[in-house]
Amino acid sequence: MHIEIFITTNYYIGCFFIYFFMLYYCYYFYNMNRKSKRILVYGIVLLCVFGMVVVYKKNSTLPLVILNAVRFYFAGNPTEDVGYAPVSSKDFTVSVLASGLTAPTRIALTPDGEYMIVTQLTGEVFVFSRKNGVWNNKSRLAGKIDTSVLGFPPEELGLVGAVFSSDYADTGNIFFLYTYKNSEGEIENRVSVVSLKERFGTLVFSADPEVIFTANVPGNFSHQITDGIGVSIEGKSHLLFLIGEGFDAKRAQDLTLEGGKVMVIQADGSNPLGVRPYPSFPKLQAVGIRNAYTLAQNQYDARKRVLIGDTGPDIHDRIIYAPFF
């Protein structure tokens, strides 16, 4: 308690001095000689470094968030001078279907191909419909997942995954993978499920989404829960999904922690069916994942192997090809 109060007090004192010297800088900078200007600038830099160190002691990820936000701000508009061209203009054309979205994270087509689900990091789930082979460029809101975070910038937290269940044609179920910041400020890796129903030519949530999974270890502002696929095991709907290690590499090899893993659960969040690779930890399908963002099942492979795009353990990223079932 004493250390926490000390850090908090010094943090606010540091902020006060930074603010004071910034005002001093604005009013008197142009009246100083060169040596005084240099001393003042060095002092401000040192105070900023001191403030970042204090913040790091309170929350080791916050300085990274601040730096990423600053970098994003000064990077400019990423769409400027960027164009898209088809590989073959004779066979393909490129056009903009919709604009004005806020950090879209996933695009998923319903199995019948009539609707397209688009999720935003901030939790909104939009639906585009198709009629006579032509997509409607006006989206409709199907529902919203409560993430209690603002999205990027400054953080990568929020709604990042949308997965149709293997029995979607019968149940209309869709899984949403996201991070949630609770009242204590801890980040939770979550999975919710909801049934979609057709209404007035679009899809909407039939009820409030139900949380079926919360990881047993806190997440982080990145390297979190990301993507999944709907699979059938012994005729029952399951979800196979990824959880990053939250910047703690030890989690990836610790079987007791639900981080840095490939996980599998039933549609209600219960333990999966079938033979399990780690019987004492039935929800674990594989270990050793760092920050995988996407996975897909090769439907043309007789073994139904799964491809995983993972951030590598060192300087190289990797694609993992694994027979999970």
# chains A, B, ... in the order shown; residues from 1 in each chain; ligands from 1
>>> closest_atom_pairs(of="range 264-289 of chain A", to="range 225-234 of chain A", cutoff="9 Å", atoms="only C-alpha atoms", output="JSON lines")
{"residue": "A:Gln266", "atom": "CA", "partner": "A:Ile233", "partner_atom": "CA", "distance": 8.9}
{"residue": "A:Pro272", "atom": "CA", "partner": "A:Ile233", "partner_atom": "CA", "distance": 7.9}
{"residue": "A:Leu273", "atom": "CA", "partner": "A:Ile233", "partner_atom": "CA", "distance": 6.4}
{"residue": "A:Gly274", "atom": "CA", "partner": "A:Ile233", "partner_atom": "CA", "distance": 6.7}
>>> residues_around(residues="Ile212 in chain A", least_positions_apart="5", cutoff="10 Å", atoms="only C-alpha atoms", output="ChimeraX atom specification")
/A:175,190-193,265-270
>>> closest_atom_pairs(of="range 174-208 of chain A", to="range 149-160 of chain A", cutoff="9 Å", atoms="only C-alpha atoms", output="Markdown table")
| residue | atom | partner | partner_atom | distance |
| --- | --- | --- | --- | --- |
| A:Phe176 | CA | A:Leu159 | CA | 7.3 |
| A:Leu177 | CA | A:Val160 | CA | 6.0 |
| A:Tyr178 | CA | A:Leu159 | CA | 4.3 |
| A:Thr179 | CA | A:Gly158 | CA | 5.1 |
| A:Tyr180 | CA | A:Gly158 | CA | 6.8 |
| A:Lys181 | CA | A:Val149 | CA | 6.5 |
| A:Ile187 | CA | A:Leu157 | CA | 8.6 |
>>> closest_atom_pairs(of="range 162-254 of chain A", to="range 282-306 of chain A", cutoff="6 Å", atoms="only C-alpha atoms", output="JSON lines")
{"residue": "A:His223", "atom": "CA", "partner": "A:Asn291", "partner_atom": "CA", "distance": 4.9}
{"residue": "A:Thr226", "atom": "CA", "partner": "A:Tyr293", "partner_atom": "CA", "distance": 5.4}
{"residue": "A:Asp227", "atom": "CA", "partner": "A:Thr294", "partner_atom": "CA", "distance": 5.2}
{"residue": "A:Gly244", "atom": "CA", "partner": "A:Asn291", "partner_atom": "CA", "distance": 4.6}
{"residue": "A:Glu245", "atom": "CA", "partner": "A:Arg290", "partner_atom": "CA", "distance": 5.5}
{"residue": "A:Ala252", "atom": "CA", "partner": "A:Gly288", "partner_atom": "CA", "distance": 4.6}
{"residue": "A:Gln253", "atom": "CA", "partner": "A:Gly288", "partner_atom": "CA", "distance": 5.7}
>>> closest_atom_pairs(of="range 205-237 of chain A", to="range 136-143 of chain A", cutoff="12 Å", atoms="only C-alpha atoms", output="JSON lines")
{"residue": "A:Phe205", "atom": "CA", "partner": "A:Gly143", "partner_atom": "CA", "distance": 5.7}
{"residue": "A:Ser206", "atom": "CA", "partner": "A:Gly143", "partner_atom": "CA", "distance": 9.3}
{"residue": "A:Ala207", "atom": "CA", "partner": "A:Gly143", "partner_atom": "CA", "distance": 9.4}
{"residue": "A:Asp208", "atom": "CA", "partner": "A:Gly143", "partner_atom": "CA", "distance": 8.7}
{"residue": "A:Pro209", "atom": "CA", "partner": "A:Gly143", "partner_atom": "CA", "distance": 9.1}
>>> residues_around(residues="Phe200 in chain A", least_positions_apart="2", cutoff="12 Å", atoms="only C-alpha atoms", output="list in words")
Ser129, Arg140, Ala142, Lys197, Glu198, Thr202, Leu203 and Val204 of chain A
>>> residues_around(residues="Asp112 in chain A", least_positions_apart="4", cutoff="12 Å", atoms="only C-alpha atoms", output="mmCIF file with N, CA and C atoms, in the first residue's frame")
data_model
loop_
_atom_site.group_PDB
_atom_site.id
_atom_site.type_symbol
_atom_site.label_atom_id
_atom_site.label_comp_id
_atom_site.auth_asym_id
_atom_site.auth_seq_id
_atom_site.Cartn_x
_atom_site.Cartn_y
_atom_site.Cartn_z
ATOM 1 N N ALA A 108 -17.210 -12.089 -42.546
ATOM 2 C CA ALA A 108 -17.624 -13.493 -42.606
ATOM 3 C C ALA A 108 -18.904 -13.604 -43.410
ATOM 4 N N MET A 116 -23.322 -10.864 -45.425
ATOM 5 C CA MET A 116 -21.932 -10.674 -45.039
ATOM 6 C C MET A 116 -21.891 -9.957 -43.692
ATOM 7 N N SER A 129 -26.406 -7.289 -47.158
ATOM 8 C CA SER A 129 -27.215 -8.315 -47.819
ATOM 9 C C SER A 129 -26.918 -8.343 -49.314
ATOM 10 N N ARG A 130 -27.223 -9.470 -49.929
ATOM 11 C CA ARG A 130 -27.005 -9.621 -51.369
ATOM 12 C C ARG A 130 -28.305 -10.066 -52.030
ATOM 13 N N PHE A 164 -19.073 -18.518 -37.463
ATOM 14 C CA PHE A 164 -20.341 -19.234 -37.557
ATOM 15 C C PHE A 164 -20.174 -20.646 -36.998
ATOM 16 N N TYR A 168 -24.828 -23.839 -38.084
ATOM 17 C CA TYR A 168 -25.483 -22.543 -38.262
ATOM 18 C C TYR A 168 -26.796 -22.663 -39.028
ATOM 19 N N ALA A 169 -26.842 -23.539 -40.010
ATOM 20 C CA ALA A 169 -28.062 -23.688 -40.814
ATOM 21 C C ALA A 169 -29.262 -24.077 -39.956
ATOM 22 N N GLY A 172 -28.552 -20.989 -36.332
ATOM 23 C CA GLY A 172 -28.277 -19.567 -36.548
ATOM 24 C C GLY A 172 -27.238 -19.008 -35.599
#
>>> atom_distance(atom1="CA of Val125 in chain A", atom2="CA of Arg106 in chain A")
9.7 Å
>>> closest_residue(among="A:Ser88, A:Ser280, A:Ser166, A:Thr122", to="Thr102 in chain A", atoms="only C-alpha atoms")
A:Thr122
>>> closest_residue(among="A:Arg199, A:Arg38, A:His316, A:Lys90", to="Val127 in chain A", atoms="only C-alpha atoms")
A:Arg199
>>> decode(residues="range 160-192 of chain A", atoms="N, CA, C and O atoms", output="compact mmCIF listing (two decimals), in the first residue's frame")
# COMPACT_ATOMS: atom_id res chain seq x y z
N VAL A 160 -12.80 -8.83 -32.08
CA VAL A 160 -11.84 -9.19 -33.13
C VAL A 160 -12.20 -10.46 -33.89
O VAL A 160 -11.56 -10.78 -34.89
N GLY A 161 -13.20 -11.22 -33.43
CA GLY A 161 -13.51 -12.47 -34.10
C GLY A 161 -15.00 -12.72 -34.24
O GLY A 161 -15.78 -12.41 -33.34
N ALA A 162 -15.40 -13.27 -35.39
CA ALA A 162 -16.79 -13.68 -35.64
C ALA A 162 -16.75 -15.02 -36.36
O ALA A 162 -16.16 -15.14 -37.43
N VAL A 163 -17.37 -16.03 -35.76
CA VAL A 163 -17.27 -17.40 -36.27
C VAL A 163 -18.66 -18.03 -36.30
O VAL A 163 -19.34 -18.09 -35.27
N PHE A 164 -19.07 -18.52 -37.46
CA PHE A 164 -20.34 -19.23 -37.56
C PHE A 164 -20.17 -20.65 -37.00
O PHE A 164 -19.16 -21.31 -37.24
N SER A 165 -21.17 -21.10 -36.26
CA SER A 165 -21.12 -22.45 -35.72
C SER A 165 -21.27 -23.46 -36.85
O SER A 165 -21.81 -23.15 -37.92
N SER A 166 -20.81 -24.68 -36.59
CA SER A 166 -20.87 -25.72 -37.62
C SER A 166 -22.31 -26.10 -37.95
O SER A 166 -22.59 -26.62 -39.03
N ASP A 167 -23.24 -25.83 -37.03
CA ASP A 167 -24.65 -26.13 -37.27
C ASP A 167 -25.46 -24.85 -37.48
O ASP A 167 -26.64 -24.78 -37.10
N TYR A 168 -24.83 -23.84 -38.08
CA TYR A 168 -25.48 -22.54 -38.26
C TYR A 168 -26.80 -22.66 -39.03
O TYR A 168 -27.77 -21.96 -38.72
N ALA A 169 -26.84 -23.54 -40.01
CA ALA A 169 -28.06 -23.69 -40.81
C ALA A 169 -29.26 -24.08 -39.96
O ALA A 169 -30.41 -23.72 -40.27
N ASP A 170 -29.01 -24.78 -38.85
CA ASP A 170 -30.10 -25.22 -37.97
C ASP A 170 -30.33 -24.28 -36.80
O ASP A 170 -31.47 -24.09 -36.36
N THR A 171 -29.26 -23.69 -36.27
CA THR A 171 -29.38 -22.90 -35.04
C THR A 171 -29.24 -21.39 -35.26
O THR A 171 -29.72 -20.61 -34.44
N GLY A 172 -28.55 -20.99 -36.33
CA GLY A 172 -28.28 -19.57 -36.55
C GLY A 172 -27.24 -19.01 -35.60
O GLY A 172 -27.07 -17.78 -35.49
N ASN A 173 -26.49 -19.88 -34.92
CA ASN A 173 -25.53 -19.43 -33.91
C ASN A 173 -24.26 -18.85 -34.54
O ASN A 173 -23.74 -19.38 -35.53
N ILE A 174 -23.78 -17.80 -33.93
CA ILE A 174 -22.51 -17.20 -34.30
C ILE A 174 -21.75 -16.86 -33.02
O ILE A 174 -22.33 -16.39 -32.05
N PHE A 175 -20.44 -17.16 -33.01
CA PHE A 175 -19.59 -16.88 -31.86
C PHE A 175 -18.85 -15.56 -32.09
O PHE A 175 -18.39 -15.28 -33.20
N PHE A 176 -18.71 -14.78 -31.03
CA PHE A 176 -17.94 -13.55 -31.09
C PHE A 176 -16.80 -13.64 -30.09
O PHE A 176 -17.00 -13.97 -28.91
N LEU A 177 -15.59 -13.35 -30.56
CA LEU A 177 -14.38 -13.40 -29.75
C LEU A 177 -13.92 -11.97 -29.50
O LEU A 177 -13.74 -11.20 -30.45
N TYR A 178 -13.69 -11.63 -28.24
CA TYR A 178 -13.39 -10.23 -27.93
C TYR A 178 -12.72 -10.11 -26.57
O TYR A 178 -12.68 -11.06 -25.78
N THR A 179 -12.19 -8.92 -26.32
CA THR A 179 -11.63 -8.60 -25.02
C THR A 179 -12.57 -7.64 -24.31
O THR A 179 -13.19 -6.77 -24.93
N TYR A 180 -12.64 -7.80 -23.00
CA TYR A 180 -13.54 -6.99 -22.18
C TYR A 180 -12.76 -6.47 -20.98
O TYR A 180 -12.03 -7.23 -20.32
N LYS A 181 -12.88 -5.18 -20.71
CA LYS A 181 -12.21 -4.59 -19.55
C LYS A 181 -13.21 -4.48 -18.42
O LYS A 181 -14.20 -3.75 -18.51
N ASN A 182 -12.96 -5.23 -17.32
CA ASN A 182 -13.92 -5.25 -16.22
C ASN A 182 -13.78 -4.02 -15.32
O ASN A 182 -12.95 -3.14 -15.57
N SER A 183 -14.58 -3.97 -14.27
CA SER A 183 -14.63 -2.80 -13.40
C SER A 183 -13.32 -2.56 -12.65
O SER A 183 -13.06 -1.45 -12.20
N GLU A 184 -12.50 -3.60 -12.52
CA GLU A 184 -11.21 -3.45 -11.86
C GLU A 184 -10.08 -3.11 -12.83
O GLU A 184 -8.92 -3.03 -12.43
N GLY A 185 -10.44 -2.91 -14.10
CA GLY A 185 -9.44 -2.56 -15.10
C GLY A 185 -8.71 -3.74 -15.70
O GLY A 185 -7.82 -3.56 -16.53
N GLU A 186 -9.07 -4.96 -15.29
CA GLU A 186 -8.43 -6.15 -15.86
C GLU A 186 -9.06 -6.49 -17.21
O GLU A 186 -10.26 -6.28 -17.43
N ILE A 187 -8.24 -7.02 -18.09
CA ILE A 187 -8.69 -7.38 -19.43
C ILE A 187 -9.04 -8.86 -19.46
O ILE A 187 -8.23 -9.71 -19.08
N GLU A 188 -10.24 -9.17 -19.91
CA GLU A 188 -10.71 -10.55 -19.99
C GLU A 188 -10.85 -10.97 -21.45
O GLU A 188 -11.41 -10.25 -22.26
N ASN A 189 -10.32 -12.15 -21.76
CA ASN A 189 -10.54 -12.76 -23.07
C ASN A 189 -11.85 -13.54 -23.02
O ASN A 189 -11.99 -14.47 -22.22
N ARG A 190 -12.80 -13.17 -23.88
CA ARG A 190 -14.14 -13.74 -23.79
C ARG A 190 -14.63 -14.30 -25.13
O ARG A 190 -14.17 -13.90 -26.19
N VAL A 191 -15.60 -15.21 -25.00
CA VAL A 191 -16.37 -15.70 -26.14
C VAL A 191 -17.84 -15.61 -25.78
O VAL A 191 -18.25 -16.04 -24.70
N SER A 192 -18.63 -15.03 -26.67
CA SER A 192 -20.08 -14.99 -26.50
C SER A 192 -20.73 -15.64 -27.71
O SER A 192 -20.15 -15.69 -28.81
